[in-house]
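Peer 1: Got structure_37.cif for you, mmCIF, C-alpha atoms, pLDDT in the B column; chains and numbers go by the auth columns:
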```cif
data_protein
loop_
_atom_site.group_PDB
_atom_site.id
_atom_site.type_symbol
_atom_site.label_atom_id
_atom_site.label_comp_id
_atom_site.label_asym_id
_atom_site.label_seq_id
_atom_site.Cartn_x
_atom_site.Cartn_y
_atom_site.Cartn_z
_atom_site.B_iso_or_equiv
_atom_site.auth_seq_id
_atom_site.auth_asym_id
ATOM 1 C CA MET A 1 -1.358 -5.092 -17.311 58.00 29 R
ATOM 2 C CA SER A 2 -2.694 -2.946 -14.481 74.00 30 R
ATOM 3 C CA ASN A 3 -4.179 -4.245 -11.232 79.00 31 R
ATOM 4 C CA CYS A 4 -6.126 -1.016 -10.633 72.00 32 R
ATOM 5 C CA ASP A 5 -9.410 -2.886 -11.012 80.00 33 R
ATOM 6 C CA LYS A 6 -8.425 -5.241 -8.134 86.00 34 R
ATOM 7 C CA ILE A 7 -6.421 -2.971 -5.834 89.00 35 R
ATOM 8 C CA LYS A 8 -7.284 0.647 -5.062 88.00 36 R
ATOM 9 C CA ALA A 9 -4.310 2.680 -3.867 89.00 37 R
ATOM 10 C CA HIS A 10 -4.830 5.805 -1.760 88.00 38 R
ATOM 11 C CA MET A 11 -2.029 8.118 -0.604 87.00 39 R
ATOM 12 C CA PHE A 12 -2.092 10.303 2.485 86.00 40 R
ATOM 13 C CA MET A 13 0.739 12.719 3.255 81.00 41 R
ATOM 14 C CA GLU A 14 1.535 15.079 6.068 80.00 42 R
ATOM 15 C CA GLU A 15 4.782 16.513 7.317 77.00 43 R
ATOM 16 C CA LYS A 16 7.106 13.576 8.168 76.00 44 R
ATOM 17 C CA TYR A 17 4.269 11.055 7.701 83.00 45 R
ATOM 18 C CA GLU A 18 3.031 9.170 4.662 88.00 46 R
ATOM 19 C CA ARG A 19 0.530 6.357 4.294 91.00 47 R
ATOM 20 C CA MET A 20 -0.453 4.208 1.358 91.00 48 R
ATOM 21 C CA SER A 21 -3.718 2.396 1.826 93.00 49 R
ATOM 22 C CA LEU A 22 -4.370 -0.572 -0.482 94.00 50 R
ATOM 23 C CA SER A 23 -8.005 -1.700 -0.677 91.00 51 R
ATOM 24 C CA TYR A 24 -8.388 -5.224 -1.997 92.00 52 R
ATOM 25 C CA GLY A 25 -11.983 -6.189 -1.192 87.00 53 R
ATOM 26 C CA ASN A 26 -12.431 -9.734 0.004 87.00 54 R
ATOM 27 C CA ASP A 27 -9.900 -11.379 -2.345 90.00 55 R
ATOM 28 C CA GLU A 28 -7.467 -13.451 -0.265 92.00 56 R
ATOM 29 C CA GLN A 29 -5.130 -13.998 -3.237 94.00 57 R
ATOM 30 C CA ILE A 30 -4.762 -10.250 -3.727 93.00 58 R
ATOM 31 C CA LYS A 31 -4.197 -9.794 0.020 94.00 59 R
ATOM 32 C CA THR A 32 -1.410 -12.396 -0.087 96.00 60 R
ATOM 33 C CA GLN A 33 0.116 -10.727 -3.157 95.00 61 R
ATOM 34 C CA ILE A 34 0.140 -7.348 -1.387 96.00 62 R
ATOM 35 C CA LEU A 35 1.743 -8.745 1.787 97.00 63 R
ATOM 36 C CA GLU A 36 4.388 -10.683 -0.176 97.00 64 R
ATOM 37 C CA SER A 37 5.207 -7.597 -2.241 97.00 65 R
ATOM 38 C CA ILE A 38 5.582 -5.486 0.901 97.00 66 R
ATOM 39 C CA GLU A 39 8.014 -8.010 2.381 97.00 67 R
ATOM 40 C CA LYS A 40 10.013 -8.089 -0.859 97.00 68 R
ATOM 41 C CA ILE A 41 10.301 -4.283 -0.966 95.00 69 R
ATOM 42 C CA LYS A 42 11.234 -4.176 2.736 94.00 70 R
ATOM 43 C CA LYS A 43 14.181 -6.484 2.006 95.00 71 R
ATOM 44 C CA GLU A 44 15.212 -4.484 -1.081 93.00 72 R
ATOM 45 C CA THR A 45 15.126 -1.121 0.675 90.00 73 R
ATOM 46 C CA SER A 46 16.011 -2.110 4.262 90.00 74 R
ATOM 47 C CA LEU A 47 13.056 0.030 5.371 89.00 75 R
ATOM 48 C CA ASP A 48 10.579 -1.194 7.954 90.00 76 R
ATOM 49 C CA PRO A 49 7.328 0.760 7.632 92.00 77 R
ATOM 50 C CA THR A 50 4.367 -0.047 9.854 93.00 78 R
ATOM 51 C CA ILE A 51 1.898 -2.452 8.226 96.00 79 R
ATOM 52 C CA ILE A 52 -1.709 -2.370 9.403 95.00 80 R
ATOM 53 C CA GLU A 53 -4.466 -4.682 8.218 95.00 81 R
ATOM 54 C CA ARG A 54 -7.987 -3.310 8.520 92.00 82 R
ATOM 55 C CA MET A 55 -10.732 -5.891 8.147 90.00 83 R
ATOM 56 C CA CYS A 56 -14.455 -5.188 7.912 84.00 84 R
ATOM 57 C CA ASP A 57 -16.728 -8.245 7.953 83.00 85 R
ATOM 58 C CA LYS A 58 -19.839 -6.170 7.314 87.00 86 R
ATOM 59 C CA TYR A 59 -18.322 -4.354 4.311 85.00 87 R
ATOM 60 C CA PRO A 60 -15.516 -6.528 2.876 79.00 88 R
ATOM 61 C CA GLU A 61 -14.901 -4.011 0.074 78.00 89 R
ATOM 62 C CA ARG A 62 -13.364 -1.836 2.796 83.00 90 R
ATOM 63 C CA ASN A 63 -10.642 -4.380 3.658 93.00 91 R
ATOM 64 C CA THR A 64 -7.295 -2.613 3.415 94.00 92 R
ATOM 65 C CA ILE A 65 -3.628 -2.972 4.118 96.00 93 R
ATOM 66 C CA SER A 66 -1.913 0.261 5.065 95.00 94 R
ATOM 67 C CA VAL A 67 1.792 0.989 4.813 95.00 95 R
ATOM 68 C CA GLU A 68 2.765 3.847 7.122 93.00 96 R
ATOM 69 C CA CYS A 69 6.112 5.668 7.161 88.00 97 R
ATOM 70 C CA GLU A 70 7.470 8.244 9.562 81.00 98 R
ATOM 71 C CA TYR A 71 10.874 9.449 8.386 69.00 99 R
ATOM 72 C CA ASP A 72 12.408 12.915 8.421 66.00 100 R
ATOM 73 C CA ASP A 73 12.981 12.680 4.667 61.00 101 R
ATOM 74 C CA ASN A 74 9.748 11.907 2.781 63.00 102 R
ATOM 75 C CA ARG A 75 11.727 10.783 -0.278 70.00 103 R
ATOM 76 C CA VAL A 76 12.666 7.621 1.635 74.00 104 R
ATOM 77 C CA CYS A 77 9.031 6.526 1.837 84.00 105 R
ATOM 78 C CA GLY A 78 8.346 7.717 -1.680 84.00 106 R
ATOM 79 C CA GLU A 79 10.911 5.260 -3.013 87.00 107 R
ATOM 80 C CA PHE A 80 9.251 2.433 -1.051 91.00 108 R
ATOM 81 C CA PHE A 81 5.785 3.349 -2.321 91.00 109 R
ATOM 82 C CA THR A 82 6.964 3.689 -5.917 91.00 110 R
ATOM 83 C CA LYS A 83 8.562 0.232 -5.820 94.00 111 R
ATOM 84 C CA LEU A 84 5.438 -1.251 -4.214 94.00 112 R
ATOM 85 C CA LEU A 85 3.108 0.226 -6.835 93.00 113 R
ATOM 86 C CA LYS A 86 5.347 -1.099 -9.589 93.00 114 R
ATOM 87 C CA GLU A 87 5.547 -4.561 -7.986 94.00 115 R
ATOM 88 C CA LEU A 88 1.738 -4.706 -7.713 94.00 116 R
ATOM 89 C CA ASN A 89 1.216 -3.384 -11.268 90.00 117 R
ATOM 90 C CA ILE A 90 -0.728 -0.360 -10.079 89.00 118 R
ATOM 91 C CA ASP A 91 -0.246 2.530 -12.487 82.00 119 R
ATOM 92 C CA LYS A 92 -2.342 5.161 -10.679 73.00 120 R
ATOM 93 C CA CYS A 93 -3.681 6.057 -7.268 70.00 121 R
ATOM 94 C CA GLU A 94 -7.290 6.926 -6.631 70.00 122 R
ATOM 95 C CA SER A 95 -8.362 10.572 -6.682 62.00 123 R
ATOM 96 C CA ASP A 96 -9.748 11.339 -3.259 58.00 124 R
ATOM 97 C CA ILE A 97 -11.686 14.514 -2.667 39.00 125 R
#
```
Please go through the file and, once you have read it, give me the structure as structure tokens.

Peer 2:
Amino acid sequence: MSNCDKIKAHMFMEEKYERMSLSYGNDEQIKTQILESIEKIKKETSLDPTIIERMCDKYPERNTISVECEYDDNRVCGEFFTKLLKELNIDKCESDI
């Protein structure tokens, strides 16, 4: 079962930088699930990406948790992101224009 209706995943990539932004609205249970999954994947992979929480009281649908990686080899972050998407049962990222 997919969580795409509860969590919107957005990917941003540049040379030696990748970010996955996970929008969860105002659902504290989903936020906790995301943070626990990140910690689990960090332990599995021994990677320590930067985690940033962005909160917006005026527009809670914009609440996000971002996972940011800066490694010379982008495949390292790709593995982390793939495991995180699988752990959160997200089977697709949003199409941003």

Peer 1: For Asp76 (chain R), please output as a list in words all residues within 9 Å (counting all atoms listed in the file; exclusion window: fewer than 4 positions along the same chain).

Peer 2: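 Non-adjacent residues within range: Lys70, Lys71 and Cys97 of chain R.
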
Peer 1: Quick one: contact table of region 48-73 of chain R to region 79-93 of chain R, 7 Å max, nearest atom pair and distance in Å to one decimal per residue, counting all atoms listed in the file, chain and number order, as CSV?

Peer 2:
```
residue,atom,partner,partner_atom,distance
R:Ser49,CA,R:Ile93,CA,5.8
R:Leu50,CA,R:Ile93,CA,5.2
R:Ser51,CA,R:Thr92,CA,4.3
R:Tyr52,CA,R:Thr92,CA,6.1
R:Gly53,CA,R:Glu89,CA,3.9
R:Asn54,CA,R:Pro88,CA,5.3
```

Peer 1: I'd like the interatomic distance between CA of Glu98 (chain R) and CA of Lys44 (chain R), to a tenth of an Å.

Peer 2: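 Going from CA of Glu98 (chain R) over to CA of Lys44 (chain R), I get 5.5 Å.
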
Peer 1: Looking at R:Lys68, R:Arg103, R:Lys36, R:Arg47, which one is nearest to Lys120 (chain R), with distances taken over all atoms listed in the file?

Peer 2: R:Lys36

Peer 1: Can you translate the PyMOL selection byres ((chain R and resi 73) around 12) into the concrete residues it hits in this file, as a list in words?

Peer 2: Ile66, Glu67, Lys68, Ile69, Lys70, Lys71, Glu72, Ser74, Leu75, Asp76, Pro77, Val104, Cys105, Gly106, Glu107, Phe108, Phe109, Thr110, Lys111 and Leu112 of chain R

Peer 1: Restrict the selected residues to C-alpha atoms and save them as an mmCIF file, in the coordinates of the input.

Peer 2:
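So out_33.cif came out as:
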```cif
data_model
loop_
_atom_site.group_PDB
_atom_site.id
_atom_site.type_symbol
_atom_site.label_atom_id
_atom_site.label_comp_id
_atom_site.auth_asym_id
_atom_site.auth_seq_id
_atom_site.Cartn_x
_atom_site.Cartn_y
_atom_site.Cartn_z
ATOM 1 C CA ILE R 66 5.582 -5.486 0.901
ATOM 2 C CA GLU R 67 8.014 -8.010 2.381
ATOM 3 C CA LYS R 68 10.013 -8.089 -0.859
ATOM 4 C CA ILE R 69 10.301 -4.283 -0.966
ATOM 5 C CA LYS R 70 11.234 -4.176 2.736
ATOM 6 C CA LYS R 71 14.181 -6.484 2.006
ATOM 7 C CA GLU R 72 15.212 -4.484 -1.081
ATOM 8 C CA SER R 74 16.011 -2.110 4.262
ATOM 9 C CA LEU R 75 13.056 0.030 5.371
ATOM 10 C CA ASP R 76 10.579 -1.194 7.954
ATOM 11 C CA PRO R 77 7.328 0.760 7.632
ATOM 12 C CA VAL R 104 12.666 7.621 1.635
ATOM 13 C CA CYS R 105 9.031 6.526 1.837
ATOM 14 C CA GLY R 106 8.346 7.717 -1.680
ATOM 15 C CA GLU R 107 10.911 5.260 -3.013
ATOM 16 C CA PHE R 108 9.251 2.433 -1.051
ATOM 17 C CA PHE R 109 5.785 3.349 -2.321
ATOM 18 C CA THR R 110 6.964 3.689 -5.917
ATOM 19 C CA LYS R 111 8.562 0.232 -5.820
ATOM 20 C CA LEU R 112 5.438 -1.251 -4.214
#
```

Peer 1: Carefully work through the PyMOL selection byres ((chain R and resi 39) around 8) for this structure and note down the residues it includes, as a VMD selection string.

Peer 2: chain R and resid 37 to 38 40 to 41 46 to 49 121

Peer 1: Please tell me which residues are no farther than 10 Å from (-6.0, -2.1, -14.8) in the file, counting only C-alpha atoms, and write them as a VMD selection string.

Peer 2: chain R and resid 29 to 35 117 to 120

Peer 1: From the options R:Glu115, R:Glu42, R:Gln57, R:Ile62, which residue's atoms come nearest to Val95 (chain R), counting only C-alpha atoms?

Peer 2: R:Ile62

Peer 1: Draw an axis-aligned box over all listed atoms of region 103-112 of chain R, pad each side with 6 Å, and write its centre and edge lengths in Å, one decimal, as JSON.

Peer 2:
```
{"center_x": 9.1, "center_y": 4.8, "center_z": -2.0, "size_x": 19.2, "size_y": 24.0, "size_z": 19.8}
```

Peer 1: Using all atoms listed in the file, which of R:Asp55, R:Leu113, R:Glu43, R:Thr78 sits nearest Glu96 (chain R)?

Peer 2: R:Thr78
